[in-house]
Each structure stands twice: as C-alpha cells, then as structure tokens.
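See structure below.
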Amino acid sequence: MSYASVKGQTEELLHLLARPFPQEDDERDDFLEDVNRLLGLRHSMIEASTGSFTTEEASFLMEQDRLLTARLNVVSAAIKQDLKEIADQKRVHKGYERGAVLATKGAFIDEKTR
C-alpha cells in the first residue's frame, strides 16, 4: 500500500471521529461499526506497507496515531459512562425489588411495602 492510501484512510477515520458521539442506540452501533471497519483497513494497510515509508511520512503517521488515540479515548469514555449508568440502573432496580433502602444520586428509596 502507498503512503497516500494510508494517509487518506487515516484522514477519513479522523473525520469520522470528529463528529459528536451519537445518542441513539442504532446510530451508535453504525458509528462503532464504521470506526472498527476503518481501523481494520488502516491497520492492514500499514502492515502491508511496513518499511516503505520515509522518515517524514512515518513521523506524520505517528502524529496522526496520537490524534486517533485521543479521539478514540473520548469515544471510549462515553461508552464507559453509558455502561456505568446502566449498571447503576440495574443496581437500583434490584435493590428496590429486594426491598432494600438505596441511596442513588441524592435520592432515597424506601423499603417496598408488602
């Protein structure tokens, strides 16, 4: 693969990651599938091109890798926050079913009446 194709793939991935993280589940799934597909293509291009880049090209791609990592960390943080919220909701729901008194975000849930 050529440097231009790897650079183009990287720019497409950076452009995708510059968009806000979708709020709807279906849109998120599509977004994450696109990111995963582009990362896979980029990775295979780089592996096929190993050793064929000049020093300037390699340093540019490494800088782009830093940008990609930073943007992927933002997406990862959003996913982790969603998972935490889901786990909190499950914990509150299970506690309520068992009749436990739970504190959640400043609110208290009393024991379930029988």
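Every chain in the structure tokens takes a letter, A first, then B, and so on in the order presented; its residues are numbered from 1, and the ligands are numbered from 1 following the presented order.
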Backbone-only DSSP, strand (DSSP E or B) members of chain A, as a ChimeraX atom specification: /A:102-104,107-109
Write the residues of the selection above to a file with C-alpha atoms, as a compact mmCIF listing (two decimals), in the first residue's frame.
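So out.txt came out as:
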```txt
# COMPACT_ATOMS: atom_id res chain seq x y z
CA LEU A 102 -30.79 2.54 48.49
CA ALA A 103 -29.18 5.91 48.04
CA THR A 104 -28.82 6.97 44.44
CA ALA A 107 -32.45 10.33 46.38
CA PHE A 108 -33.54 7.64 48.79
CA ILE A 109 -35.82 4.77 48.00
```
Which of chain A DSSP labels alpha helix (DSSP H), written as a ChimeraX atom specification: /A:3-18,25-49,55-98
Create the file for the chosen residues now, containing C-alpha atoms and written as an mmCIF file, in the first residue's frame.
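Just written: out-v7.cif:
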```cif
data_model
loop_
_atom_site.group_PDB
_atom_site.id
_atom_site.type_symbol
_atom_site.label_atom_id
_atom_site.label_comp_id
_atom_site.auth_asym_id
_atom_site.auth_seq_id
_atom_site.Cartn_x
_atom_site.Cartn_y
_atom_site.Cartn_z
ATOM 1 C CA TYR A 3 1.562 6.311 1.875
ATOM 2 C CA ALA A 4 -1.215 8.283 0.167
ATOM 3 C CA SER A 5 -3.751 5.497 0.720
ATOM 4 C CA VAL A 6 -2.787 5.102 4.388
ATOM 5 C CA LYS A 7 -2.931 8.878 4.852
ATOM 6 C CA GLY A 8 -6.345 9.018 3.162
ATOM 7 C CA GLN A 9 -7.680 6.214 5.352
ATOM 8 C CA THR A 10 -6.345 7.984 8.444
ATOM 9 C CA GLU A 11 -7.954 11.277 7.451
ATOM 10 C CA GLU A 12 -11.290 9.545 6.828
ATOM 11 C CA LEU A 13 -11.106 7.957 10.279
ATOM 12 C CA LEU A 14 -10.189 11.268 11.930
ATOM 13 C CA HIS A 15 -13.088 12.953 10.135
ATOM 14 C CA LEU A 16 -15.490 10.272 11.393
ATOM 15 C CA LEU A 17 -14.185 10.585 14.953
ATOM 16 C CA ALA A 18 -14.519 14.382 14.837
ATOM 17 C CA ASP A 25 -28.516 3.165 20.007
ATOM 18 C CA ASP A 26 -28.817 2.282 16.307
ATOM 19 C CA GLU A 27 -26.734 5.291 15.277
ATOM 20 C CA ARG A 28 -24.096 4.360 17.855
ATOM 21 C CA ASP A 29 -23.919 0.813 16.539
ATOM 22 C CA ASP A 30 -23.431 2.090 12.989
ATOM 23 C CA PHE A 31 -20.849 4.633 14.159
ATOM 24 C CA LEU A 32 -18.852 1.998 16.059
ATOM 25 C CA GLU A 33 -19.040 -0.442 13.134
ATOM 26 C CA ASP A 34 -17.683 2.249 10.798
ATOM 27 C CA VAL A 35 -14.865 3.094 13.220
ATOM 28 C CA ASN A 36 -13.974 -0.579 13.639
ATOM 29 C CA ARG A 37 -14.034 -1.186 9.877
ATOM 30 C CA LEU A 38 -11.821 1.835 9.134
ATOM 31 C CA LEU A 39 -9.380 0.915 11.897
ATOM 32 C CA GLY A 40 -9.100 -2.600 10.485
ATOM 33 C CA LEU A 41 -8.500 -1.343 6.953
ATOM 34 C CA ARG A 42 -5.933 1.164 8.142
ATOM 35 C CA HIS A 43 -4.147 -1.467 10.219
ATOM 36 C CA SER A 44 -3.911 -3.890 7.283
ATOM 37 C CA MET A 45 -2.647 -1.094 5.005
ATOM 38 C CA ILE A 46 0.069 -0.151 7.475
ATOM 39 C CA GLU A 47 1.131 -3.780 7.930
ATOM 40 C CA ALA A 48 1.340 -4.246 4.155
ATOM 41 C CA SER A 49 3.429 -1.066 3.860
ATOM 42 C CA THR A 55 11.052 9.227 7.866
ATOM 43 C CA GLU A 56 8.777 12.214 7.308
ATOM 44 C CA GLU A 57 5.870 10.006 6.310
ATOM 45 C CA ALA A 58 6.358 7.740 9.314
ATOM 46 C CA SER A 59 6.552 10.682 11.720
ATOM 47 C CA PHE A 60 3.392 12.197 10.196
ATOM 48 C CA LEU A 61 1.544 8.890 10.608
ATOM 49 C CA MET A 62 2.727 8.605 14.217
ATOM 50 C CA GLU A 63 1.360 12.095 14.913
ATOM 51 C CA GLN A 64 -1.926 11.056 13.323
ATOM 52 C CA ASP A 65 -1.899 7.974 15.575
ATOM 53 C CA ARG A 66 -1.712 10.254 18.616
ATOM 54 C CA LEU A 67 -4.747 12.191 17.371
ATOM 55 C CA LEU A 68 -6.626 8.951 16.690
ATOM 56 C CA THR A 69 -5.817 7.648 20.159
ATOM 57 C CA ALA A 70 -7.058 10.843 21.795
ATOM 58 C CA ARG A 71 -10.322 10.785 19.832
ATOM 59 C CA LEU A 72 -10.837 7.066 20.473
ATOM 60 C CA ASN A 73 -10.330 7.720 24.192
ATOM 61 C CA VAL A 74 -13.202 10.236 24.070
ATOM 62 C CA VAL A 75 -15.465 7.629 22.458
ATOM 63 C CA SER A 76 -14.331 5.025 24.981
ATOM 64 C CA ALA A 77 -15.108 7.362 27.878
ATOM 65 C CA ALA A 78 -18.625 7.953 26.525
ATOM 66 C CA ILE A 79 -19.218 4.207 26.254
ATOM 67 C CA LYS A 80 -17.885 3.620 29.782
ATOM 68 C CA GLN A 81 -20.201 6.320 31.136
ATOM 69 C CA ASP A 82 -23.191 4.674 29.451
ATOM 70 C CA LEU A 83 -22.242 1.282 30.877
ATOM 71 C CA LYS A 84 -21.893 2.806 34.348
ATOM 72 C CA GLU A 85 -25.354 4.375 34.091
ATOM 73 C CA ILE A 86 -26.861 1.054 33.006
ATOM 74 C CA ALA A 87 -25.170 -0.753 35.889
ATOM 75 C CA ASP A 88 -26.468 1.894 38.317
ATOM 76 C CA GLN A 89 -29.999 1.489 36.969
ATOM 77 C CA LYS A 90 -29.798 -2.285 37.394
ATOM 78 C CA ARG A 91 -28.468 -1.901 40.931
ATOM 79 C CA VAL A 92 -31.288 0.456 41.912
ATOM 80 C CA HIS A 93 -33.921 -1.758 40.316
ATOM 81 C CA LYS A 94 -32.634 -4.927 42.020
ATOM 82 C CA GLY A 95 -32.392 -3.149 45.343
ATOM 83 C CA TYR A 96 -35.956 -1.971 45.040
ATOM 84 C CA GLU A 97 -37.174 -5.465 44.179
ATOM 85 C CA ARG A 98 -35.455 -6.849 47.273
#
```
